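> For reference, the file protein_8.csv (CSV, N, CA and C atoms) is included below:
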```csv
chain,number,residue,atom,x,y,z
A,1,MET,N,11.8,-12.6,10.3
A,1,MET,CA,12.3,-12.4,8.9
A,1,MET,C,11.7,-11.1,8.3
A,2,ASN,N,10.5,-10.8,8.5
A,2,ASN,CA,9.9,-9.6,7.9
A,2,ASN,C,10.1,-8.4,8.7
A,3,ARG,N,10.2,-8.5,10.0
A,3,ARG,CA,10.3,-7.3,10.9
A,3,ARG,C,11.6,-7.4,11.7
A,4,GLY,N,12.5,-8.3,11.3
A,4,GLY,CA,13.8,-8.4,12.0
A,4,GLY,C,14.7,-9.3,11.2
A,5,THR,N,15.8,-9.7,11.8
A,5,THR,CA,16.8,-10.5,11.2
A,5,THR,C,17.2,-11.6,12.1
A,6,PRO,N,17.9,-12.6,11.7
A,6,PRO,CA,18.3,-13.7,12.6
A,6,PRO,C,19.1,-13.2,13.8
A,7,GLU,N,19.9,-12.1,13.5
A,7,GLU,CA,20.7,-11.5,14.6
A,7,GLU,C,19.9,-10.7,15.5
A,8,GLN,N,18.8,-10.0,15.0
A,8,GLN,CA,18.0,-9.2,15.8
A,8,GLN,C,16.5,-9.5,15.4
A,9,PRO,N,16.0,-10.6,16.0
A,9,PRO,CA,14.6,-11.0,15.6
A,9,PRO,C,13.6,-9.9,16.0
A,10,GLY,N,12.6,-9.8,15.1
A,10,GLY,CA,11.5,-8.9,15.3
A,10,GLY,C,10.3,-9.6,15.9
A,11,LEU,N,9.2,-8.9,16.1
A,11,LEU,CA,8.0,-9.5,16.6
A,11,LEU,C,6.9,-9.1,15.7
A,12,VAL,N,5.9,-10.0,15.6
A,12,VAL,CA,4.6,-9.7,14.9
A,12,VAL,C,3.5,-10.1,15.8
A,13,LEU,N,2.3,-9.6,15.5
A,13,LEU,CA,1.1,-9.9,16.3
A,13,LEU,C,0.5,-11.1,15.7
A,14,ALA,N,-0.1,-11.9,16.5
A,14,ALA,CA,-0.8,-13.1,16.0
A,14,ALA,C,-1.9,-13.5,16.9
A,15,LEU,N,-2.9,-14.3,16.4
A,15,LEU,CA,-3.9,-14.9,17.2
A,15,LEU,C,-3.3,-16.0,17.9
A,16,ASP,N,-3.7,-16.2,19.2
A,16,ASP,CA,-3.2,-17.3,20.0
A,16,ASP,C,-4.5,-18.0,20.5
A,17,ARG,N,-4.4,-19.3,20.8
A,17,ARG,CA,-5.6,-20.0,21.2
A,17,ARG,C,-6.1,-19.5,22.5
A,18,GLY,N,-7.4,-19.6,22.7
A,18,GLY,CA,-8.0,-19.2,24.0
A,18,GLY,C,-8.5,-17.8,23.8
A,19,GLY,N,-9.6,-17.4,24.5
A,19,GLY,CA,-10.0,-16.0,24.5
A,19,GLY,C,-10.8,-15.7,23.2
A,20,SER,N,-10.9,-14.4,23.0
A,20,SER,CA,-11.6,-13.9,21.8
A,20,SER,C,-11.0,-12.5,21.5
A,21,CYS,N,-11.4,-12.0,20.4
A,21,CYS,CA,-11.0,-10.6,20.0
A,21,CYS,C,-12.0,-10.0,19.1
A,22,THR,N,-11.9,-8.7,19.0
A,22,THR,CA,-12.7,-8.0,18.0
A,22,THR,C,-11.9,-7.9,16.7
A,23,GLY,N,-12.5,-8.1,15.6
A,23,GLY,CA,-11.8,-8.0,14.3
A,23,GLY,C,-12.7,-7.7,13.2
A,24,MET,N,-12.2,-8.0,12.0
A,24,MET,CA,-13.0,-7.8,10.8
A,24,MET,C,-13.0,-9.1,10.0
A,25,ALA,N,-14.2,-9.4,9.4
A,25,ALA,CA,-14.3,-10.5,8.6
A,25,ALA,C,-14.5,-10.0,7.2
A,26,PHE,N,-13.8,-10.6,6.3
A,26,PHE,CA,-13.9,-10.3,4.9
A,26,PHE,C,-14.6,-11.4,4.1
A,27,ARG,N,-15.5,-11.1,3.3
A,27,ARG,CA,-16.3,-12.1,2.6
A,27,ARG,C,-15.7,-12.1,1.1
A,28,LEU,N,-15.4,-13.3,0.7
A,28,LEU,CA,-15.0,-13.5,-0.7
A,28,LEU,C,-16.1,-14.2,-1.5
A,29,ALA,N,-16.4,-13.6,-2.6
A,29,ALA,CA,-17.4,-14.3,-3.5
A,29,ALA,C,-16.8,-15.6,-4.0
A,30,GLY,N,-17.7,-16.6,-4.1
A,30,GLY,CA,-17.3,-17.9,-4.6
A,30,GLY,C,-16.5,-17.8,-5.9
A,31,ASP,N,-17.0,-17.1,-6.8
A,31,ASP,CA,-16.3,-17.0,-8.1
A,31,ASP,C,-15.1,-16.0,-7.9
A,32,GLY,N,-13.9,-16.5,-8.2
A,32,GLY,CA,-12.7,-15.7,-8.1
A,32,GLY,C,-12.1,-15.7,-6.8
A,33,ALA,N,-12.6,-16.5,-5.8
A,33,ALA,CA,-12.0,-16.5,-4.5
A,33,ALA,C,-10.6,-17.2,-4.5
A,34,ILE,N,-10.4,-18.2,-5.3
A,34,ILE,CA,-9.2,-19.0,-5.2
A,34,ILE,C,-7.9,-18.2,-5.4
A,35,PRO,N,-7.8,-17.3,-6.3
A,35,PRO,CA,-6.5,-16.5,-6.4
A,35,PRO,C,-6.3,-15.7,-5.1
A,36,HIS,N,-7.3,-15.2,-4.5
A,36,HIS,CA,-7.2,-14.4,-3.3
A,36,HIS,C,-6.7,-15.3,-2.1
A,37,LEU,N,-7.3,-16.5,-2.0
A,37,LEU,CA,-7.0,-17.5,-1.0
A,37,LEU,C,-5.5,-18.0,-1.2
A,38,GLU,N,-5.1,-18.1,-2.4
A,38,GLU,CA,-3.8,-18.6,-2.7
A,38,GLU,C,-2.7,-17.6,-2.2
A,39,VAL,N,-3.0,-16.3,-2.5
A,39,VAL,CA,-2.1,-15.2,-2.0
A,39,VAL,C,-2.0,-15.2,-0.5
A,40,LEU,N,-3.2,-15.3,0.1
A,40,LEU,CA,-3.3,-15.3,1.6
A,40,LEU,C,-2.5,-16.4,2.1
A,41,TRP,N,-2.8,-17.6,1.6
A,41,TRP,CA,-2.1,-18.8,2.0
A,41,TRP,C,-0.6,-18.7,1.9
A,42,ARG,N,-0.1,-18.3,0.8
A,42,ARG,CA,1.4,-18.1,0.6
A,42,ARG,C,1.9,-17.1,1.7
A,43,ARG,N,1.2,-16.1,1.9
A,43,ARG,CA,1.7,-15.1,2.9
A,43,ARG,C,1.7,-15.6,4.3
A,44,GLU,N,0.6,-16.2,4.7
A,44,GLU,CA,0.5,-16.6,6.1
A,44,GLU,C,1.2,-17.9,6.4
A,45,MET,N,1.3,-18.8,5.5
A,45,MET,CA,1.8,-20.1,5.8
A,45,MET,C,3.3,-20.3,5.3
A,46,ALA,N,4.0,-19.2,4.9
A,46,ALA,CA,5.3,-19.3,4.4
A,46,ALA,C,6.3,-20.0,5.4
A,47,MET,N,6.1,-19.6,6.7
A,47,MET,CA,7.1,-20.1,7.7
A,47,MET,C,6.5,-21.2,8.6
A,48,ALA,N,5.3,-21.7,8.3
A,48,ALA,CA,4.6,-22.7,9.0
A,48,ALA,C,4.5,-22.4,10.5
A,49,SER,N,4.3,-21.1,10.8
A,49,SER,CA,4.1,-20.6,12.2
A,49,SER,C,2.7,-20.6,12.6
A,50,TYR,N,1.8,-20.7,11.6
A,50,TYR,CA,0.3,-20.6,11.9
A,50,TYR,C,-0.4,-21.9,11.6
A,51,ARG,N,-1.5,-22.1,12.2
A,51,ARG,CA,-2.4,-23.2,11.9
A,51,ARG,C,-3.7,-22.6,11.4
A,52,PRO,N,-4.1,-23.0,10.2
A,52,PRO,CA,-5.3,-22.4,9.6
A,52,PRO,C,-6.5,-23.1,10.4
A,53,ALA,N,-7.5,-22.3,10.7
A,53,ALA,CA,-8.6,-22.8,11.5
A,53,ALA,C,-9.9,-22.0,11.1
A,54,TRP,N,-11.0,-22.8,11.0
A,54,TRP,CA,-12.3,-22.1,10.8
A,54,TRP,C,-12.8,-21.8,12.2
A,55,LEU,N,-13.0,-20.5,12.5
A,55,LEU,CA,-13.4,-20.1,13.8
A,55,LEU,C,-14.8,-19.4,13.8
A,56,PRO,N,-15.6,-19.7,14.8
A,56,PRO,CA,-16.9,-19.0,14.9
A,56,PRO,C,-16.7,-17.5,15.1
A,57,CYS,N,-17.5,-16.8,14.3
A,57,CYS,CA,-17.5,-15.3,14.5
A,57,CYS,C,-18.9,-14.8,14.5
A,58,THR,N,-19.1,-13.8,15.3
A,58,THR,CA,-20.3,-13.1,15.4
A,58,THR,C,-20.1,-11.7,14.7
A,59,LEU,N,-20.9,-11.5,13.6
A,59,LEU,CA,-20.8,-10.3,12.8
A,59,LEU,C,-21.5,-9.1,13.5
A,60,ALA,N,-21.3,-7.9,13.1
A,60,ALA,CA,-21.9,-6.7,13.7
A,60,ALA,C,-23.4,-6.8,13.7
A,61,ASP,N,-24.0,-7.5,12.7
A,61,ASP,CA,-25.4,-7.5,12.7
A,61,ASP,C,-26.0,-8.7,13.5
A,62,GLY,N,-25.1,-9.4,14.2
A,62,GLY,CA,-25.5,-10.5,15.0
A,62,GLY,C,-25.5,-11.9,14.4
A,63,ARG,N,-25.3,-12.0,13.1
A,63,ARG,CA,-25.2,-13.3,12.4
A,63,ARG,C,-23.9,-14.0,12.9
A,64,ARG,N,-24.0,-15.3,12.9
A,64,ARG,CA,-22.8,-16.1,13.3
A,64,ARG,C,-22.3,-16.8,12.0
A,65,VAL,N,-21.0,-16.8,11.8
A,65,VAL,CA,-20.4,-17.4,10.6
A,65,VAL,C,-19.1,-18.0,11.1
A,66,ASP,N,-18.6,-19.0,10.3
A,66,ASP,CA,-17.3,-19.5,10.5
A,66,ASP,C,-16.4,-18.8,9.5
A,67,ALA,N,-15.2,-18.3,10.0
A,67,ALA,CA,-14.3,-17.6,9.2
A,67,ALA,C,-12.9,-18.2,9.3
A,68,LEU,N,-12.2,-18.2,8.1
A,68,LEU,CA,-10.8,-18.7,8.1
A,68,LEU,C,-9.9,-17.8,8.9
A,69,ALA,N,-9.2,-18.3,9.8
A,69,ALA,CA,-8.2,-17.5,10.5
A,69,ALA,C,-6.9,-18.3,10.6
A,70,PHE,N,-5.8,-17.6,10.9
A,70,PHE,CA,-4.5,-18.2,11.0
A,70,PHE,C,-4.1,-18.0,12.5
A,71,VAL,N,-4.0,-19.1,13.2
A,71,VAL,CA,-3.7,-19.1,14.6
A,71,VAL,C,-2.3,-19.5,14.9
A,72,MET,N,-1.6,-18.8,15.7
A,72,MET,CA,-0.2,-19.1,16.0
A,72,MET,C,0.0,-20.5,16.6
A,73,ARG,N,0.9,-21.2,16.0
A,73,ARG,CA,1.2,-22.6,16.6
A,73,ARG,C,2.2,-22.4,17.7
A,74,ARG,N,1.8,-22.9,18.9
A,74,ARG,CA,2.6,-22.8,20.1
A,74,ARG,C,3.9,-23.7,20.0
A,75,ASP,N,3.9,-24.7,19.1
A,75,ASP,CA,5.0,-25.5,18.9
A,75,ASP,C,6.0,-25.0,17.8
A,76,ALA,N,5.7,-23.8,17.2
A,76,ALA,CA,6.5,-23.2,16.2
A,76,ALA,C,7.8,-22.6,16.9
A,77,THR,N,8.9,-22.7,16.3
A,77,THR,CA,10.1,-22.2,16.9
A,77,THR,C,10.0,-20.7,17.0
A,78,SER,N,9.2,-20.0,16.3
A,78,SER,CA,9.1,-18.5,16.4
A,78,SER,C,8.1,-18.1,17.5
A,79,TYR,N,7.4,-19.0,18.1
A,79,TYR,CA,6.4,-18.6,19.1
A,79,TYR,C,7.2,-18.2,20.4
A,80,THR,N,6.8,-17.0,20.9
A,80,THR,CA,7.4,-16.5,22.1
A,80,THR,C,6.6,-16.5,23.3
A,81,GLY,N,5.3,-16.6,23.1
A,81,GLY,CA,4.4,-16.5,24.2
A,81,GLY,C,4.4,-15.1,24.7
A,82,LYS,N,3.9,-14.9,26.0
A,82,LYS,CA,3.9,-13.5,26.5
A,82,LYS,C,5.3,-13.2,26.9
A,83,LEU,N,5.8,-12.0,26.5
A,83,LEU,CA,7.1,-11.5,26.8
A,83,LEU,C,7.0,-10.4,27.8
A,84,ALA,N,8.0,-10.2,28.6
A,84,ALA,CA,8.0,-9.1,29.6
A,84,ALA,C,8.1,-7.8,28.8
A,85,ASP,N,7.4,-6.8,29.3
A,85,ASP,CA,7.4,-5.5,28.7
A,85,ASP,C,8.7,-4.9,28.3
A,86,PRO,N,9.8,-5.0,29.2
A,86,PRO,CA,11.1,-4.4,28.8
A,86,PRO,C,11.7,-5.2,27.6
A,87,ILE,N,11.4,-6.4,27.4
A,87,ILE,CA,11.9,-7.2,26.3
A,87,ILE,C,11.2,-6.7,25.0
A,88,VAL,N,9.9,-6.6,25.1
A,88,VAL,CA,9.1,-6.1,23.9
A,88,VAL,C,9.6,-4.7,23.5
A,89,ARG,N,9.8,-3.9,24.5
A,89,ARG,CA,10.2,-2.5,24.1
A,89,ARG,C,11.6,-2.5,23.5
A,90,THR,N,12.5,-3.4,24.0
A,90,THR,CA,13.8,-3.5,23.4
A,90,THR,C,13.7,-3.9,21.9
A,91,VAL,N,12.9,-4.9,21.7
A,91,VAL,CA,12.8,-5.4,20.3
A,91,VAL,C,12.2,-4.3,19.4
A,92,LEU,N,11.1,-3.7,19.9
A,92,LEU,CA,10.5,-2.6,19.1
A,92,LEU,C,11.5,-1.5,18.8
A,93,GLY,N,12.4,-1.3,19.7
A,93,GLY,CA,13.4,-0.2,19.5
A,93,GLY,C,14.5,-0.6,18.6
A,94,CYS,N,14.7,-1.9,18.3
A,94,CYS,CA,15.9,-2.3,17.5
A,94,CYS,C,15.6,-3.0,16.2
A,95,ALA,N,14.6,-3.9,16.2
A,95,ALA,CA,14.4,-4.8,15.1
A,95,ALA,C,13.9,-4.2,13.9
A,96,SER,N,14.5,-4.6,12.8
A,96,SER,CA,14.1,-4.1,11.4
A,96,SER,C,14.4,-5.2,10.4
A,97,GLY,N,13.5,-5.4,9.5
A,97,GLY,CA,13.7,-6.5,8.5
A,97,GLY,C,13.3,-6.0,7.1
A,98,ARG,N,13.0,-6.9,6.2
A,98,ARG,CA,12.7,-6.5,4.8
A,98,ARG,C,11.5,-5.6,4.7
A,99,TYR,N,10.5,-5.7,5.6
A,99,TYR,CA,9.3,-4.9,5.5
A,99,TYR,C,9.3,-3.7,6.4
A,100,GLY,N,10.4,-3.4,7.1
A,100,GLY,CA,10.5,-2.3,8.0
A,100,GLY,C,10.7,-2.7,9.4
A,101,THR,N,10.6,-1.7,10.3
A,101,THR,CA,10.8,-2.0,11.7
A,101,THR,C,9.6,-2.6,12.4
A,102,THR,N,9.9,-3.3,13.5
A,102,THR,CA,8.8,-3.8,14.3
A,102,THR,C,8.0,-2.6,14.9
A,103,LEU,N,8.7,-1.6,15.3
A,103,LEU,CA,8.0,-0.4,15.8
A,103,LEU,C,7.0,0.2,14.8
A,104,ASN,N,7.4,0.3,13.6
A,104,ASN,CA,6.5,0.8,12.5
A,104,ASN,C,5.3,-0.1,12.3
A,105,TYR,N,5.6,-1.4,12.4
A,105,TYR,CA,4.5,-2.4,12.2
A,105,TYR,C,3.4,-2.2,13.3
A,106,VAL,N,3.9,-2.1,14.6
A,106,VAL,CA,3.0,-1.9,15.7
A,106,VAL,C,2.3,-0.5,15.6
A,107,SER,N,3.0,0.5,15.2
A,107,SER,CA,2.4,1.8,15.0
A,107,SER,C,1.3,1.8,14.0
A,108,ARG,N,1.6,1.2,12.9
A,108,ARG,CA,0.5,1.1,11.8
A,108,ARG,C,-0.6,0.2,12.2
A,109,THR,N,-0.4,-0.8,13.0
A,109,THR,CA,-1.5,-1.6,13.5
A,109,THR,C,-2.4,-0.8,14.4
A,110,VAL,N,-1.8,-0.1,15.4
A,110,VAL,CA,-2.5,0.7,16.3
A,110,VAL,C,-3.4,1.7,15.6
A,111,GLU,N,-2.8,2.4,14.6
A,111,GLU,CA,-3.5,3.4,13.8
A,111,GLU,C,-4.7,2.7,13.0
A,112,ALA,N,-4.5,1.5,12.4
A,112,ALA,CA,-5.5,0.9,11.6
A,112,ALA,C,-6.6,0.4,12.6
A,113,LEU,N,-6.3,-0.1,13.7
A,113,LEU,CA,-7.3,-0.5,14.7
A,113,LEU,C,-8.2,0.7,15.1
A,114,ARG,N,-7.5,1.8,15.4
A,114,ARG,CA,-8.3,3.0,15.8
A,114,ARG,C,-9.2,3.5,14.7
A,115,GLU,N,-8.7,3.5,13.4
A,115,GLU,CA,-9.5,3.9,12.3
A,115,GLU,C,-10.6,3.0,12.0
A,116,SER,N,-10.5,1.7,12.4
A,116,SER,CA,-11.6,0.8,12.2
A,116,SER,C,-12.5,0.7,13.4
A,117,GLY,N,-12.4,1.6,14.4
A,117,GLY,CA,-13.2,1.6,15.5
A,117,GLY,C,-13.0,0.5,16.5
A,118,MET,N,-11.8,-0.1,16.5
A,118,MET,CA,-11.4,-1.2,17.4
A,118,MET,C,-10.1,-0.9,18.1
A,119,PRO,N,-10.0,0.2,18.8
A,119,PRO,CA,-8.8,0.5,19.5
A,119,PRO,C,-8.4,-0.6,20.5
A,120,ASP,N,-7.1,-0.8,20.6
A,120,ASP,CA,-6.6,-1.8,21.6
A,120,ASP,C,-5.7,-1.0,22.6
A,121,ARG,N,-6.3,-0.8,23.8
A,121,ARG,CA,-5.7,0.0,24.8
A,121,ARG,C,-4.3,-0.6,25.2
A,122,ALA,N,-4.2,-1.9,25.3
A,122,ALA,CA,-2.9,-2.5,25.7
A,122,ALA,C,-1.9,-2.2,24.7
A,123,LEU,N,-2.2,-2.4,23.4
A,123,LEU,CA,-1.2,-2.1,22.4
A,123,LEU,C,-0.9,-0.6,22.3
A,124,GLU,N,-1.8,0.2,22.5
A,124,GLU,CA,-1.6,1.7,22.5
A,124,GLU,C,-0.7,2.0,23.7
A,125,GLY,N,-0.9,1.4,24.8
A,125,GLY,CA,0.0,1.7,26.0
A,125,GLY,C,1.4,1.2,25.7
A,126,LEU,N,1.6,0.1,25.1
A,126,LEU,CA,2.9,-0.4,24.8
A,126,LEU,C,3.6,0.6,23.8
A,127,LEU,N,2.9,1.1,22.8
A,127,LEU,CA,3.4,2.0,21.9
A,127,LEU,C,3.9,3.3,22.6
A,128,ARG,N,3.0,3.8,23.5
A,128,ARG,CA,3.4,5.0,24.3
A,128,ARG,C,4.7,4.8,25.1
A,129,ARG,N,4.8,3.6,25.7
A,129,ARG,CA,6.0,3.3,26.5
A,129,ARG,C,7.2,3.2,25.7
A,130,CYS,N,7.1,2.6,24.5
A,130,CYS,CA,8.2,2.6,23.5
A,130,CYS,C,8.7,3.9,23.1
A,131,ARG,N,7.7,4.8,22.8
A,131,ARG,CA,8.0,6.1,22.3
A,131,ARG,C,8.7,6.9,23.5
A,132,ALA,N,8.2,6.8,24.7
A,132,ALA,CA,8.7,7.4,25.9
A,132,ALA,C,10.2,7.0,26.1
A,133,GLN,N,10.4,5.7,26.0
A,133,GLN,CA,11.7,5.1,26.2
A,133,GLN,C,12.7,5.7,25.1
A,134,ALA,N,12.2,5.7,23.9
A,134,ALA,CA,13.1,6.3,22.8
A,134,ALA,C,13.4,7.7,23.0
A,135,ALA,N,12.5,8.5,23.6
A,135,ALA,CA,12.7,9.9,23.8
A,135,ALA,C,13.7,10.1,25.0
A,136,ASN,N,13.8,9.2,25.9
A,136,ASN,CA,14.7,9.3,27.0
A,136,ASN,C,16.1,8.8,26.7
A,137,GLU,N,16.3,8.2,25.6
A,137,GLU,CA,17.6,7.6,25.2
A,137,GLU,C,18.5,8.6,24.6
```
Turn this file's structure into structure tokens for me.


Amino acid sequence: MNRGTPEQPGLVLALDRGGSCTGMAFRLAGDGAIPHLEVLWRREMAMASYRPAWLPCTLADGRRVDALAFVMRRDATSYTGKLADPIVRTVLGCASGRYGTTLNYVSRTVEALRESGMPDRALEGLLRRCRAQAANE
């Protein structure tokens, strides 16, 4: 819906169960947290694709905390699981929705991860392959 249409569905990145990842934890002060949480909830839970979960996190300084995360529901109709590279490249080359193209979304994610010191080699490789494919078309 946000990065595609019903006729040309887009893709978004999501946490899936199992494994781990590097990320960022944001701390909300107790006072005034509710409005921020309400906005986050409306954004992430609009399509019922995610399951909210408190997940254990290790912070950069070694402290362990539980953090609210939104994990993809494998029983959601929008769950694709792992897709073959050619399918992903096709979607990234075509899909566009109310918030822009899927390709732009992935490009911005790659850039933000790099800027935050958390580059994702697999995602960067996918982006390179998409750009190479577009250049050859």

> Please return as a PyMOL selection string: the residues of region 81-113 of chain A that backbone DSSP assigns to alpha helix (DSSP H).

chain A and resi 85-94+102-113

> When you count only C-alpha atoms, which of these residues is closest to Asp66 (chain A): A:Leu126, A:Cys94, A:Leu15, A:Ala25?

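Under the stated criterion, the closest residue is A:Ala25.
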
> Provide the CA of Pro86 (chain A) to CA of Ala14 (chain A) distance in Å, to one decimal place.

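For CA of Pro86 (chain A) relative to CA of Ala14 (chain A), the distance reads 19.5 Å.
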
> What lies within 8 Å of Leu11 (chain A) using all atoms listed in the file, ignoring chain neighbours under 4 positions off, as an mmCIF file with N, CA and C atoms, in the coordinates of the input?


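As a result, out.cif now contains:
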```cif
data_model
loop_
_atom_site.group_PDB
_atom_site.id
_atom_site.type_symbol
_atom_site.label_atom_id
_atom_site.label_comp_id
_atom_site.auth_asym_id
_atom_site.auth_seq_id
_atom_site.Cartn_x
_atom_site.Cartn_y
_atom_site.Cartn_z
ATOM 1 N N MET A 1 11.800 -12.600 10.300
ATOM 2 C CA MET A 1 12.300 -12.400 8.900
ATOM 3 C C MET A 1 11.700 -11.100 8.300
ATOM 4 N N ASN A 2 10.500 -10.800 8.500
ATOM 5 C CA ASN A 2 9.900 -9.600 7.900
ATOM 6 C C ASN A 2 10.100 -8.400 8.700
ATOM 7 N N ARG A 3 10.200 -8.500 10.000
ATOM 8 C CA ARG A 3 10.300 -7.300 10.900
ATOM 9 C C ARG A 3 11.600 -7.400 11.700
ATOM 10 N N GLY A 4 12.500 -8.300 11.300
ATOM 11 C CA GLY A 4 13.800 -8.400 12.000
ATOM 12 C C GLY A 4 14.700 -9.300 11.200
ATOM 13 N N THR A 5 15.800 -9.700 11.800
ATOM 14 C CA THR A 5 16.800 -10.500 11.200
ATOM 15 C C THR A 5 17.200 -11.600 12.100
ATOM 16 N N VAL A 91 12.900 -4.900 21.700
ATOM 17 C CA VAL A 91 12.800 -5.400 20.300
ATOM 18 C C VAL A 91 12.200 -4.300 19.400
ATOM 19 N N LEU A 92 11.100 -3.700 19.900
ATOM 20 C CA LEU A 92 10.500 -2.600 19.100
ATOM 21 C C LEU A 92 11.500 -1.500 18.800
ATOM 22 N N ALA A 95 14.600 -3.900 16.200
ATOM 23 C CA ALA A 95 14.400 -4.800 15.100
ATOM 24 C C ALA A 95 13.900 -4.200 13.900
ATOM 25 N N SER A 96 14.500 -4.600 12.800
ATOM 26 C CA SER A 96 14.100 -4.100 11.400
ATOM 27 C C SER A 96 14.400 -5.200 10.400
ATOM 28 N N THR A 101 10.600 -1.700 10.300
ATOM 29 C CA THR A 101 10.800 -2.000 11.700
ATOM 30 C C THR A 101 9.600 -2.600 12.400
ATOM 31 N N THR A 102 9.900 -3.300 13.500
ATOM 32 C CA THR A 102 8.800 -3.800 14.300
ATOM 33 C C THR A 102 8.000 -2.600 14.900
ATOM 34 N N LEU A 103 8.700 -1.600 15.300
ATOM 35 C CA LEU A 103 8.000 -0.400 15.800
ATOM 36 C C LEU A 103 7.000 0.200 14.800
ATOM 37 N N TYR A 105 5.600 -1.400 12.400
ATOM 38 C CA TYR A 105 4.500 -2.400 12.200
ATOM 39 C C TYR A 105 3.400 -2.200 13.300
ATOM 40 N N VAL A 106 3.900 -2.100 14.600
ATOM 41 C CA VAL A 106 3.000 -1.900 15.700
ATOM 42 C C VAL A 106 2.300 -0.500 15.600
#
```

> Between A:Ala60, A:Gly117, A:Ser49, A:Pro9, single out the one closest to Tyr79 (chain A), counting all atoms listed in the file.

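Using all atoms listed in the file, Tyr79 (chain A) sits closest to A:Ser49.
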
> From a backbone DSSP assignment, name each residue in chain A labelled strand (DSSP E), as JSON, numbers by chain.

{"A": [50, 51, 52, 53, 54, 55, 56, 57, 58, 64, 65, 66, 67, 68, 69, 70, 71, 72, 96, 97, 100, 101]}

> What is the distance between atom N of Arg73 (chain A) and atom N of Arg51 (chain A), in Å to one decimal?

4.6 Å

> CA of Ala46 (chain A) to atom N of Phe70 (chain A): how many Å, to one decimal?

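Answer for the CA of Ala46 (chain A) to atom N of Phe70 (chain A) separation: 13.0 Å.
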
> Name all residues at most 7 Å from Leu55 (chain A) (count only C-alpha atoms; drop same-chain ones fewer than 3 positions away) and give them as a ChimeraX atom specification.

/A:66-69

> Which residues come within 10 Å of Leu123 (chain A), counting only C-alpha atoms, excluding same-chain residues fewer than 3 positions away, as a list in words?

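Listed by chain and then number, they are Val106, Ser107, Thr109, Val110, Leu113, Pro119, Asp120, Leu126, Leu127, Arg128 and Arg129 of chain A.
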
> Just checking: using only C-alpha atoms, which residue out of A:Arg114, A:Lys82, A:Arg131, A:Arg98 ends up closest to Leu13 (chain A)?

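Of A:Arg114, A:Lys82, A:Arg131, A:Arg98, the one nearest Leu13 (chain A), counting only C-alpha atoms, is A:Lys82.
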
> Scan for residues within 12 Å of the point (10.8, -25.2, 13.9) in the coordinates of the file, using only C-alpha atoms, and reply as a list in words.

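The requested residues, written out, are Met47, Ala48, Ser49, Tyr50, Arg73, Arg74, Asp75, Ala76, Thr77, Ser78 and Tyr79 of chain A.
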